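J.: The file below is protein.txt, compact mmCIF, C-alpha atoms:
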```
# COMPACT_ATOMS: atom_id res chain seq x y z
CA MET A 1 -1.49 -2.06 -3.27
CA THR A 2 -1.86 -0.40 0.49
CA THR A 3 -2.23 0.85 0.31
CA ALA A 4 1.58 1.33 -0.26
CA ALA A 5 2.58 2.59 -3.76
CA PRO A 6 3.84 -0.07 -6.18
CA SER A 7 7.42 -0.03 -7.41
CA VAL A 8 7.64 1.47 -10.88
CA PRO A 9 10.36 2.59 -13.28
CA VAL A 10 11.38 6.24 -13.23
CA VAL A 11 10.06 8.36 -16.09
CA PRO A 12 13.06 10.46 -17.15
CA SER A 13 11.18 12.88 -19.37
CA ALA A 14 8.88 13.84 -16.50
CA LEU A 15 11.87 14.45 -14.25
CA ASP A 16 13.72 16.50 -16.85
CA THR A 17 10.76 18.78 -17.42
CA PRO A 18 8.76 18.85 -14.18
CA VAL A 19 5.23 20.15 -14.43
CA ARG A 20 4.64 23.03 -12.05
CA ASP A 21 0.97 23.81 -11.60
CA TRP A 22 -1.64 23.79 -8.89
CA ARG A 23 -2.88 20.32 -9.83
CA THR A 24 0.19 18.48 -8.58
CA PRO A 25 0.02 19.30 -4.83
CA VAL A 26 -3.76 18.97 -4.86
CA GLU A 27 -3.67 15.55 -6.53
CA LEU A 28 -0.82 14.30 -4.34
CA THR A 29 -2.75 15.33 -1.23
CA LEU A 30 -5.93 13.73 -2.57
CA LEU A 31 -4.12 10.46 -3.27
CA GLY A 32 -2.59 10.43 0.23
CA ALA A 33 -6.06 11.05 1.67
CA ILE A 34 -7.57 8.19 -0.34
CA TRP A 35 -4.85 5.73 0.64
CA GLY A 36 -5.04 6.90 4.25
CA GLY A 37 -8.78 6.23 4.13
CA SER A 38 -8.14 2.57 3.38
CA PHE A 39 -7.18 2.00 7.02
CA LEU A 40 -10.43 3.60 8.16
CA PHE A 41 -12.45 1.37 5.81
CA MET A 42 -10.62 -1.74 7.04
CA ARG A 43 -11.14 -0.78 10.66
CA ILE A 44 -14.90 -0.49 10.15
CA ALA A 45 -15.43 -3.54 7.93
CA ALA A 46 -12.88 -6.06 9.25
CA ASN A 47 -14.88 -7.22 12.27
CA ASP A 48 -17.97 -8.00 10.19
CA PHE A 49 -16.19 -9.56 7.21
CA GLY A 50 -13.11 -11.17 8.73
CA PRO A 51 -9.70 -10.70 7.08
CA PHE A 52 -9.93 -13.02 4.06
CA PRO A 53 -13.48 -12.22 2.91
CA LEU A 54 -12.70 -8.51 3.18
CA VAL A 55 -9.46 -8.92 1.24
CA LEU A 56 -11.19 -10.92 -1.50
CA THR A 57 -13.86 -8.25 -1.88
CA ARG A 58 -11.17 -5.59 -2.08
CA LEU A 59 -9.11 -7.51 -4.62
CA VAL A 60 -12.03 -8.37 -6.91
CA LEU A 61 -13.29 -4.78 -7.03
CA GLY A 62 -9.81 -3.30 -7.43
CA ALA A 63 -8.91 -5.76 -10.20
CA ALA A 64 -12.18 -5.04 -12.00
CA ILE A 65 -11.29 -1.34 -12.19
CA LEU A 66 -7.80 -2.02 -13.60
CA LEU A 67 -8.64 -5.00 -15.81
CA PRO A 68 -8.88 -2.92 -19.03
CA PHE A 69 -5.20 -1.98 -18.66
CA LEU A 70 -4.26 -5.66 -18.41
CA TRP A 71 -6.48 -6.55 -21.37
CA LYS A 72 -4.72 -3.99 -23.59
CA VAL A 73 -1.37 -5.81 -23.24
CA ARG A 74 -2.73 -9.38 -23.18
CA SER A 75 -0.75 -10.27 -26.34
CA ARG A 76 2.52 -9.52 -24.50
CA ILE A 77 1.78 -11.75 -21.51
CA THR A 78 3.56 -15.11 -21.58
CA LEU A 79 3.20 -18.18 -19.38
CA ALA A 80 6.33 -17.06 -17.50
CA HIS A 81 4.63 -13.73 -16.80
CA VAL A 82 1.61 -15.51 -15.34
CA GLY A 83 3.74 -17.40 -12.83
CA LYS A 84 5.54 -14.23 -11.80
CA LEU A 85 2.24 -12.37 -11.47
CA PHE A 86 0.94 -15.04 -9.09
CA ILE A 87 4.08 -14.77 -6.97
CA ALA A 88 3.88 -10.98 -6.97
CA GLY A 89 0.16 -11.14 -6.24
CA LEU A 90 0.73 -13.31 -3.18
CA ILE A 91 3.56 -11.20 -1.80
CA SER A 92 2.51 -7.67 -2.73
CA ALA A 93 -1.29 -7.91 -2.41
CA ALA A 94 -2.86 -11.02 -0.85
CA ALA A 95 -0.50 -11.32 2.14
CA PRO A 96 -0.15 -7.64 3.10
CA PHE A 97 -3.86 -6.90 2.60
CA ALA A 98 -4.72 -9.83 4.88
CA LEU A 99 -2.19 -8.77 7.50
CA PHE A 100 -3.50 -5.20 7.58
CA ALA A 101 -7.11 -6.44 7.74
CA TRP A 102 -6.20 -8.81 10.59
CA GLY A 103 -4.54 -5.94 12.43
CA ALA A 104 -7.56 -3.68 11.83
CA GLU A 105 -9.69 -6.08 13.89
CA ARG A 106 -7.40 -5.63 16.87
CA ALA A 107 -6.09 -2.05 16.99
CA PRO A 108 -6.87 1.49 15.89
CA ALA A 109 -6.62 2.36 12.21
CA GLY A 110 -3.65 4.63 12.88
CA ILE A 111 -1.48 1.67 13.91
CA GLY A 112 -1.64 0.11 10.46
CA ALA A 113 -1.25 3.47 8.72
CA ILE A 114 1.92 4.28 10.65
CA ALA A 115 3.38 0.79 10.18
CA ASN A 116 2.68 1.10 6.45
CA SER A 117 5.12 4.00 6.20
CA ALA A 118 8.03 1.59 6.81
CA THR A 119 7.52 0.09 3.32
CA VAL A 120 10.25 2.25 1.78
CA LEU A 121 12.72 1.11 4.44
CA PHE A 122 11.88 -2.55 3.93
CA SER A 123 12.23 -2.09 0.17
CA SER A 124 15.77 -0.78 0.65
CA LEU A 125 16.60 -3.60 3.07
CA VAL A 126 15.37 -6.31 0.66
CA ALA A 127 17.25 -4.71 -2.23
CA PHE A 128 20.44 -4.78 -0.12
CA VAL A 129 20.11 -8.27 1.36
CA ALA A 130 18.56 -10.17 -1.54
CA PHE A 131 19.79 -8.28 -4.59
CA GLY A 132 23.11 -6.78 -3.49
CA GLU A 133 22.17 -3.13 -3.95
CA LYS A 134 24.35 -0.68 -2.07
CA ILE A 135 22.54 1.42 0.49
CA GLY A 136 25.31 3.66 1.86
CA PRO A 137 25.67 5.04 5.38
CA ARG A 138 22.71 7.42 5.06
CA LYS A 139 20.21 4.67 4.23
CA ALA A 140 21.79 2.28 6.73
CA LEU A 141 21.26 4.82 9.50
CA ALA A 142 17.73 5.49 8.28
CA LEU A 143 16.96 1.77 8.41
CA LEU A 144 18.14 1.47 12.00
CA VAL A 145 16.21 4.54 13.11
CA GLY A 146 13.09 3.57 11.17
CA PHE A 147 12.93 0.07 12.56
CA SER A 148 13.37 1.44 16.05
CA GLY A 149 10.17 3.39 15.32
CA VAL A 150 8.40 0.10 14.64
CA VAL A 151 9.57 -1.15 18.05
CA VAL A 152 8.19 2.01 19.66
CA LEU A 153 4.87 1.54 17.85
CA ALA A 154 4.60 -2.09 19.02
CA SER A 155 5.33 -1.11 22.62
CA GLY A 156 2.29 1.13 22.94
CA ARG A 157 -1.18 0.60 24.32
CA THR A 158 -4.51 2.10 23.31
CA ALA A 159 -7.35 2.19 25.83
CA GLY A 160 -5.38 -0.34 27.86
CA ASP A 161 -5.08 -2.81 24.99
CA ASN A 162 -1.76 -4.10 23.72
CA VAL A 163 -1.35 -3.08 20.07
CA ALA A 164 1.85 -5.07 19.49
CA PRO A 165 0.21 -7.86 17.43
CA ALA A 166 -1.40 -5.34 15.06
CA ALA A 167 1.79 -3.28 14.83
CA LEU A 168 3.87 -6.36 14.03
CA ALA A 169 1.27 -7.48 11.47
CA GLY A 170 1.53 -4.03 9.87
CA ALA A 171 5.31 -4.24 9.84
CA ALA A 172 5.11 -7.71 8.24
CA ALA A 173 2.72 -6.31 5.62
CA SER A 174 5.14 -3.47 4.89
CA PHE A 175 7.92 -6.02 4.49
CA CYS A 176 5.75 -7.86 1.97
CA TYR A 177 5.23 -4.60 0.08
CA GLY A 178 8.99 -4.00 0.05
CA LEU A 179 9.72 -7.53 -1.15
CA GLY A 180 6.95 -7.42 -3.73
CA GLY A 181 8.14 -4.11 -5.09
CA ASN A 182 11.61 -5.51 -5.67
CA ILE A 183 10.18 -8.58 -7.40
CA VAL A 184 8.04 -6.47 -9.71
CA LYS A 185 10.93 -4.13 -10.48
CA ARG A 186 13.30 -6.93 -11.44
CA TYR A 187 11.08 -9.59 -13.00
CA LEU A 188 8.05 -7.79 -14.44
CA SER A 189 9.54 -4.54 -15.74
CA ASP A 190 8.86 -5.55 -19.36
CA LEU A 191 5.13 -4.99 -18.82
CA PRO A 192 3.42 -1.62 -18.19
CA PRO A 193 3.33 -0.99 -14.42
CA ILE A 194 -0.42 -0.40 -14.28
CA ALA A 195 -1.00 -3.69 -16.14
CA VAL A 196 1.25 -5.42 -13.60
CA ALA A 197 -0.82 -3.88 -10.79
CA ALA A 198 -3.99 -5.24 -12.41
CA GLY A 199 -2.44 -8.68 -12.90
CA THR A 200 -1.19 -8.93 -9.33
CA LEU A 201 -4.60 -7.97 -7.93
CA LEU A 202 -6.34 -10.53 -10.15
CA CYS A 203 -3.89 -13.31 -9.23
CA ALA A 204 -4.11 -12.38 -5.56
CA ALA A 205 -7.92 -12.65 -5.74
CA ILE A 206 -7.64 -16.16 -7.18
CA LEU A 207 -5.23 -17.19 -4.41
CA THR A 208 -7.37 -15.65 -1.65
CA ALA A 209 -10.72 -17.03 -2.84
CA PRO A 210 -10.53 -20.49 -1.16
CA LEU A 211 -9.67 -19.01 2.25
CA ALA A 212 -12.32 -16.31 1.87
CA ILE A 213 -15.03 -18.81 0.95
CA ALA A 214 -14.06 -21.10 3.82
CA THR A 215 -14.22 -18.26 6.37
CA TRP A 216 -17.12 -16.27 4.94
CA PRO A 217 -19.32 -14.94 7.79
CA SER A 218 -22.37 -17.01 8.63
CA THR A 219 -24.30 -13.92 9.73
CA PRO A 220 -25.42 -11.12 7.39
CA ILE A 221 -22.85 -8.37 6.86
CA PRO A 222 -24.22 -4.89 7.68
CA MET A 223 -24.62 -2.42 4.84
CA HIS A 224 -22.15 0.05 6.31
CA SER A 225 -19.44 -2.63 6.21
CA TRP A 226 -20.35 -3.48 2.62
CA ALA A 227 -20.05 0.22 1.79
CA CYS A 228 -16.59 0.38 3.40
CA ALA A 229 -15.49 -2.78 1.59
CA ALA A 230 -16.68 -1.31 -1.70
CA ALA A 231 -14.83 1.95 -1.01
CA LEU A 232 -11.73 -0.02 -0.07
CA GLY A 233 -11.76 -1.95 -3.35
CA ILE A 234 -13.03 0.64 -5.80
CA LEU A 235 -11.66 3.89 -4.38
CA SER A 236 -8.57 3.01 -2.31
CA THR A 237 -7.32 0.24 -4.59
CA GLY A 238 -8.59 0.36 -8.20
CA LEU A 239 -9.14 4.07 -8.77
CA ALA A 240 -6.23 5.09 -6.52
CA TYR A 241 -3.80 2.94 -8.52
CA ALA A 242 -5.08 4.37 -11.82
CA PHE A 243 -4.78 7.87 -10.37
CA TYR A 244 -1.27 7.14 -9.11
CA PHE A 245 0.01 5.95 -12.49
CA ARG A 246 -1.56 8.94 -14.19
CA LEU A 247 0.44 11.13 -11.82
CA ILE A 248 3.63 9.19 -12.60
CA GLN A 249 3.17 9.86 -16.31
CA ARG A 250 2.91 13.58 -15.66
CA ILE A 251 5.42 14.28 -12.88
CA GLY A 252 7.58 11.13 -12.58
CA ALA A 253 7.71 8.32 -10.03
CA PRO A 254 9.90 10.02 -7.36
CA ARG A 255 7.62 13.04 -7.07
CA ALA A 256 4.45 10.93 -7.21
CA SER A 257 5.73 8.80 -4.32
CA VAL A 258 5.41 11.85 -2.05
CA ALA A 259 1.75 10.83 -1.69
CA THR A 260 2.81 7.80 0.33
CA TYR A 261 4.34 10.08 2.97
CA LEU A 262 0.87 11.53 3.61
CA VAL A 263 -0.80 8.16 4.20
CA PRO A 264 -0.05 7.85 7.96
CA LEU A 265 -1.11 11.46 8.53
CA PHE A 266 -4.47 10.95 6.85
CA GLY A 267 -4.87 7.46 8.31
CA VAL A 268 -4.63 8.86 11.83
CA ALA A 269 -6.73 11.94 10.98
CA TRP A 270 -9.62 9.95 9.47
CA ALA A 271 -9.64 7.53 12.41
CA TRP A 272 -9.82 10.43 14.86
CA LEU A 273 -12.47 12.31 12.86
CA PHE A 274 -14.85 9.43 12.15
CA LEU A 275 -14.11 6.88 14.88
CA GLY A 276 -12.86 9.04 17.71
CA GLU A 277 -9.59 7.09 17.92
CA ALA A 278 -7.05 9.18 19.76
CA LEU A 279 -3.43 9.64 18.72
CA THR A 280 -1.33 8.26 21.57
CA VAL A 281 2.15 9.45 22.48
CA THR A 282 3.76 6.21 21.27
CA MET A 283 1.89 6.44 17.96
CA ALA A 284 3.04 10.03 17.48
CA VAL A 285 6.66 9.26 18.37
CA ALA A 286 6.70 6.15 16.17
CA GLY A 287 5.16 8.04 13.28
CA VAL A 288 7.71 10.83 13.48
CA VAL A 289 10.62 8.38 13.78
CA ILE A 290 9.53 6.10 10.92
CA LEU A 291 8.41 8.84 8.55
CA GLY A 292 11.42 11.00 9.38
CA SER A 293 13.79 8.13 8.63
CA VAL A 294 12.04 7.50 5.31
CA VAL A 295 12.39 11.13 4.27
CA PHE A 296 16.03 11.14 5.44
CA SER A 297 16.79 7.98 3.46
CA GLN A 298 15.41 9.51 0.26
CA LYS A 299 17.43 12.74 0.44
CA ARG A 300 20.54 12.95 -1.67
CA GLY A 301 23.83 13.14 0.21
```
Please render this file's structure as structure tokens.

T.:
Amino acid sequence: MTTAAPSVPVVPSALDTPVRDWRTPVELTLLGAIWGGSFLFMRIAANDFGPFPLVLTRLVLGAAILLPFLWKVRSRITLAHVGKLFIAGLISAAAPFALFAWGAERAPAGIGAIANSATVLFSSLVAFVAFGEKIGPRKALALLVGFSGVVVLASGRTAGDNVAPAALAGAAASFCYGLGGNIVKRYLSDLPPIAVAAGTLLCAAILTAPLAIATWPSTPIPMHSWACAAALGILSTGLAYAFYFRLIQRIGAPRASVATYLVPLFGVAWAWLFLGEALTVTMAVAGVVILGSVVFSQKRG
């Protein structure tokens, strides 16, 4: 999980009695910064690793952090759960992680971070098309506006290079997140969400391993890329997921999801600060359009 936040059940008690203290905004901002950093780490490491080896490293390290949560509920996991976890792992982890890593080889980190913000829109679209959920005029308008932002993002250029392939890869990854979130919500809701996150990462690692081994670089990988891959797996995946679910327990899923709105902001900021990647006009416009449509779609009528 982009770096996008996994789909989880709402915690009514946390919504009925919201916790108001200084920790909440600080922790939400910190989580957005960590997830935004994942696009920086991918941008640095992707060229040396290649997409599949980088994704496997990320998945193994992230799963290792969360494995204790899966182990605690091992007695509740059936053979049917295992099959569903493999499907969810392919759709919500292996595929989107690989698409974002592939895009990171070809375009600035901010492209993937901005495309990632369309996950909420894709989640609503999948719920409407595949599962018959009503979206209403507000969400329908938000979907149209948000997807127009993806078109704007794909139309841009950075330093003369066409970023459309990376933007479309990011949009495809966000679609995978949206589809995967719906699958988890409907078919794996009888397991604790953090255990599901651990299971999907583990299953995704198993699925990715053959491709990663077959494409493993023949030349030594520099230490700075290893460091970024480790940060991507341990910090931006394993620890970030654990941190996210801890927040959900305290303040509820809707409020915790605010962190995902900060991801494109931090993704662009880190890329500018550490890599000198400029924010182009098309990136800024696309970011405002996509993120604005997401916020609009989540507001109550």

J.: Within 10 Å of A:Thr119, counting only C-alpha atoms, which residues qualify if same-chain residues fewer than 4 places away don't, as number ranges by chain?

T.: A: 2, 4-5, 115, 123-125, 170-179, 181, 260, 290, 294

J.: Write a file of the selected residues as a CSV table (one decimal), keeping the file's coordinate frame, keeping C-alpha atoms.

T.:
```
chain,number,residue,atom,x,y,z
A,2,THR,CA,-1.9,-0.4,0.5
A,4,ALA,CA,1.6,1.3,-0.3
A,5,ALA,CA,2.6,2.6,-3.8
A,115,ALA,CA,3.4,0.8,10.2
A,123,SER,CA,12.2,-2.1,0.2
A,124,SER,CA,15.8,-0.8,0.6
A,125,LEU,CA,16.6,-3.6,3.1
A,170,GLY,CA,1.5,-4.0,9.9
A,171,ALA,CA,5.3,-4.2,9.8
A,172,ALA,CA,5.1,-7.7,8.2
A,173,ALA,CA,2.7,-6.3,5.6
A,174,SER,CA,5.1,-3.5,4.9
A,175,PHE,CA,7.9,-6.0,4.5
A,176,CYS,CA,5.8,-7.9,2.0
A,177,TYR,CA,5.2,-4.6,0.1
A,178,GLY,CA,9.0,-4.0,0.0
A,179,LEU,CA,9.7,-7.5,-1.2
A,181,GLY,CA,8.1,-4.1,-5.1
A,260,THR,CA,2.8,7.8,0.3
A,290,ILE,CA,9.5,6.1,10.9
A,294,VAL,CA,12.0,7.5,5.3
```

J.: Which is closer to A:Val152 than all the others in A:Ile213, A:Ala64, A:Thr280, A:Trp22, using only C-alpha atoms?

T.: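 The answer is A:Thr280, which sits nearest to A:Val152.
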
J.: Counting all atoms listed in the file, what is within 10 Å of A:Ala88, bar same-chain residues fewer than 2 positions away, as a list in words?

T.: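 Selected residues are Val82, Gly83, Lys84, Leu85, Phe86, Leu90, Ile91, Ser92, Ala93, Ala94, Cys176, Tyr177, Leu179, Gly180, Gly181, Asn182, Ile183, Val184, Tyr187, Leu188, Val196, Ala197, Gly199, Thr200, Leu201, Cys203 and Ala204 of chain A.
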
J.: Go ahead and compute the interatomic distance for atom CA of A:Lys134 and atom CA of A:Phe245, in Å to one decimal.

T.: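 A separation of 27.3 Å between them.
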
J.: Which residues are close to A:Leu247, i.e. within 9 Å by all atoms listed in the file, leaving aside same-chain residues fewer than 5 positions away? Reply as a list of chain:residue names.

T.: A:Thr24, A:Glu27, A:Leu28, A:Ala242, A:Gly252, A:Ala253, A:Arg255, A:Ala256

J.: Between A:Arg23, A:Arg58, A:Arg74, A:Arg43, which residue has the minimum interatomic distance to A:Ala195, considering only C-alpha atoms?

T.: A:Arg74

J.: Find the residues near A:Pro25: any atom within 12 Å, counting all atoms listed in the file, skip ones fewer than 3 places away on the same chain, and give them as a PyMOL selection string.

T.: chain A and resi 19-22+28-32+247+251+255-259+262

J.: Report, in Å to a single decimal, how far apart atom CA of A:Ala278 and atom CA of A:Asn162 are.

T.: 14.8 Å

J.: Counting all atoms listed in the file, find the residues whose atoms lie at most 12 Å from (-7.6, 9.1, 12.5) (file coordinates) and write them out as JSON, numbers by chain.

T.: {"A": [33, 36, 37, 38, 39, 40, 41, 43, 108, 109, 110, 111, 112, 113, 114, 263, 264, 265, 266, 267, 268, 269, 270, 271, 272, 273, 274, 275, 276, 277, 278, 279, 280, 283, 284]}

J.: Just how far from atom CA of A:Gly292 is atom CA of A:Gln249, in Å to one decimal?

T.: 27.0 Å

J.: List the spatial neighbours of A:Ala240 as an NGL selection string - criterion: any atom at most 10 Å away, only C-alpha atoms, same-chain residues fewer than 3 positions off excluded.

T.: :A and (1-3 or 5 or 30-32 or 34-35 or 62 or 65 or 232-237 or 243-246)

J.: Between A:Ala205, A:Ser148, A:Arg157, A:Arg76, single out the one closest to A:Ala95, counting only C-alpha atoms.

T.: A:Ala205

J.: Between A:Ala104, A:Ala142, A:Leu121, A:Val163, which residue has the minimum interatomic distance to A:Met42, considering all atoms listed in the file?

T.: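 Distance minimum relative to A:Met42 lands on A:Ala104.
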
J.: May I ask which of the residues A:Phe97, A:Phe122, A:Phe49, A:Tyr261 is the closest one to A:Lys139, counting all atoms listed in the file?

T.: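 Of the candidates, the smallest distance to A:Lys139 is held by A:Phe122.
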